[in-house]
Amino acid sequence: VQLQASGGGLVQAGGSLRLSCEASRRTFRNYGMGWFRQAPGKEREFVAAIKWSVSSTYYAESVKGRFTISGDNAENTVYLQMNSLKLEDTADYYCALRSRPITTIRTMAVSSSYDYWGQGTLVTVSS
C-alpha cells in the first residue's frame, strides 16, 4: 500500500491550503486515516484523524477550529483543510492509514497506531 500526499506549498499567514492523500490499493481494510506533521528540529506530532465507521474526527488542540479532516472511505482518500494558517504550522505533513480495528479515536493520535505512511508534503507559512 502506498499513500500519496499532495497539496503542500507556500502560503502567507492567515491563508489556507488543502492537503490530499490517496492510498494506491483498495484490497485492504481501512479503518481510519490521520495526519501528522514534523517541523525542522522537532518530533513528529499528531494533527488530525478520522475514524470511518462512525465518521468521527479528532484534532490536536493546536489546530482545533482551524483545520478540518474529511475524506472518502470508499476511495481511501483523506483531506486536510487548513485555514487561518500560522507560522508555527510550517512543517512536513504526513498522512497515515490504520488497517486494524480502532477502539477509540483518541488512540489515533499515536503514530504507532498506524500501519501505512505516505511521504511528506511540505507546508511553509510565511509572514
# chains A, B, ... in the order shown; residues from 1 in each chain; ligands from 1
>>> residues_around(residues="A:Leu3", least_positions_apart="6", cutoff="12 Å", atoms="only C-alpha atoms", output="ChimeraX atom specification")
/A:20-26,33-35,76-78,94-98,115-121
>>> residues_around(residues="stretch 81-93 of chain A", least_positions_apart="2", cutoff="7 Å", atoms="only C-alpha atoms", output="list of chain:residue names")
A:Ala13, A:Gly14, A:Gly15, A:Ser16, A:Leu17, A:Arg18, A:Leu19, A:Trp35, A:Phe36, A:Arg37, A:Gln38, A:Ala39, A:Pro40, A:Arg66, A:Phe67, A:Thr68, A:Ile69, A:Tyr79, A:Cys95, A:Gly120, A:Thr121, A:Leu122, A:Val123, A:Thr124, A:Val125, A:Ser126, A:Ser127
>>> write_last_selection(atoms="N, CA, C and O atoms", output="compact mmCIF listing (two decimals), in the first residue's frame")
# COMPACT_ATOMS: atom_id res chain seq x y z
N ALA A 13 0.70 33.79 6.16
CA ALA A 13 -0.02 33.61 7.42
C ALA A 13 -1.45 34.14 7.25
O ALA A 13 -1.66 35.19 6.65
N GLY A 14 -2.39 33.36 7.77
CA GLY A 14 -3.79 33.70 7.62
C GLY A 14 -4.45 33.05 6.43
O GLY A 14 -5.68 33.07 6.30
N GLY A 15 -3.64 32.48 5.56
CA GLY A 15 -4.15 31.86 4.35
C GLY A 15 -4.61 30.42 4.59
O GLY A 15 -4.64 29.94 5.72
N SER A 16 -4.94 29.76 3.48
CA SER A 16 -5.48 28.40 3.54
C SER A 16 -4.77 27.48 2.55
O SER A 16 -4.27 27.93 1.52
N LEU A 17 -4.75 26.21 2.89
CA LEU A 17 -4.28 25.16 1.99
C LEU A 17 -5.12 23.92 2.22
O LEU A 17 -5.63 23.72 3.33
N ARG A 18 -5.20 23.08 1.21
CA ARG A 18 -5.91 21.82 1.35
C ARG A 18 -4.97 20.69 0.93
O ARG A 18 -4.52 20.65 -0.22
N LEU A 19 -4.70 19.81 1.86
CA LEU A 19 -3.86 18.65 1.59
C LEU A 19 -4.74 17.46 1.21
O LEU A 19 -5.85 17.31 1.74
N TRP A 35 -3.43 12.59 9.96
CA TRP A 35 -2.36 13.48 9.52
C TRP A 35 -1.45 13.78 10.71
O TRP A 35 -1.92 14.03 11.82
N PHE A 36 -0.18 13.76 10.43
CA PHE A 36 0.84 14.16 11.38
C PHE A 36 1.72 15.21 10.70
O PHE A 36 1.68 15.38 9.48
N ARG A 37 2.52 15.90 11.48
CA ARG A 37 3.44 16.87 10.90
C ARG A 37 4.74 16.87 11.68
O ARG A 37 4.79 16.50 12.86
N GLN A 38 5.78 17.30 10.99
CA GLN A 38 7.10 17.37 11.63
C GLN A 38 7.80 18.63 11.15
O GLN A 38 8.09 18.79 9.96
N ALA A 39 8.05 19.51 12.09
CA ALA A 39 8.77 20.75 11.81
C ALA A 39 10.26 20.51 11.94
O ALA A 39 10.68 19.58 12.64
N PRO A 40 11.08 21.32 11.31
CA PRO A 40 12.53 21.14 11.41
C PRO A 40 13.00 21.13 12.85
O PRO A 40 12.66 22.02 13.63
N ARG A 66 -9.36 25.39 13.30
CA ARG A 66 -8.72 25.93 12.09
C ARG A 66 -8.59 24.87 10.99
O ARG A 66 -8.68 25.19 9.81
N PHE A 67 -8.35 23.64 11.38
CA PHE A 67 -8.17 22.56 10.42
C PHE A 67 -9.39 21.64 10.43
O PHE A 67 -10.01 21.44 11.47
N THR A 68 -9.68 21.06 9.28
CA THR A 68 -10.78 20.11 9.16
C THR A 68 -10.32 18.90 8.37
O THR A 68 -9.83 19.04 7.24
N ILE A 69 -10.50 17.72 8.96
CA ILE A 69 -10.17 16.49 8.26
C ILE A 69 -11.46 15.90 7.70
O ILE A 69 -12.51 15.93 8.34
N TYR A 79 -8.52 14.21 3.33
CA TYR A 79 -8.14 15.60 3.09
C TYR A 79 -7.89 16.30 4.41
O TYR A 79 -8.43 15.91 5.44
N CYS A 95 0.48 11.78 5.87
CA CYS A 95 -0.77 11.07 6.07
C CYS A 95 -0.46 9.61 6.44
O CYS A 95 0.61 9.09 6.12
N GLY A 120 6.06 12.89 2.98
CA GLY A 120 5.62 14.19 3.45
C GLY A 120 5.34 15.16 2.33
O GLY A 120 5.88 15.06 1.23
N THR A 121 4.48 16.11 2.62
CA THR A 121 4.25 17.24 1.72
C THR A 121 4.51 18.49 2.54
O THR A 121 3.97 18.66 3.63
N LEU A 122 5.36 19.36 2.01
CA LEU A 122 5.84 20.49 2.78
C LEU A 122 4.87 21.66 2.74
O LEU A 122 4.44 22.09 1.67
N VAL A 123 4.55 22.16 3.92
CA VAL A 123 3.73 23.36 4.06
C VAL A 123 4.60 24.43 4.70
O VAL A 123 5.16 24.22 5.78
N THR A 124 4.73 25.54 4.02
CA THR A 124 5.53 26.65 4.52
C THR A 124 4.64 27.88 4.65
O THR A 124 4.05 28.33 3.66
N VAL A 125 4.54 28.39 5.87
CA VAL A 125 3.73 29.57 6.12
C VAL A 125 4.66 30.75 6.35
O VAL A 125 5.54 30.69 7.22
N SER A 126 4.48 31.80 5.57
CA SER A 126 5.35 32.96 5.65
C SER A 126 4.61 34.15 6.25
O SER A 126 3.39 34.22 6.22
N SER A 127 5.38 35.07 6.78
CA SER A 127 4.77 36.27 7.40
C SER A 127 4.52 37.35 6.38
O SER A 127 4.96 37.29 5.25
>>> closest_residue(among="A:Ser99, A:Ser70, A:Thr57, A:Ser113", to="A:Val1", atoms="only C-alpha atoms")
A:Ser99
>>> atom_distance(atom1="atom CA of A:Ala109", atom2="atom CA of A:Phe46")
5.5 Å
>>> select_by_dssp(residues="chain A", states="helix (DSSP H, G or I)", output="list in words")
Trp52, Ser53, Val54, Leu87, Glu88, Asp89, Ile105, Arg106, Thr107, Met108, Ala109, Ser111, Ser112 and Ser113 of chain A
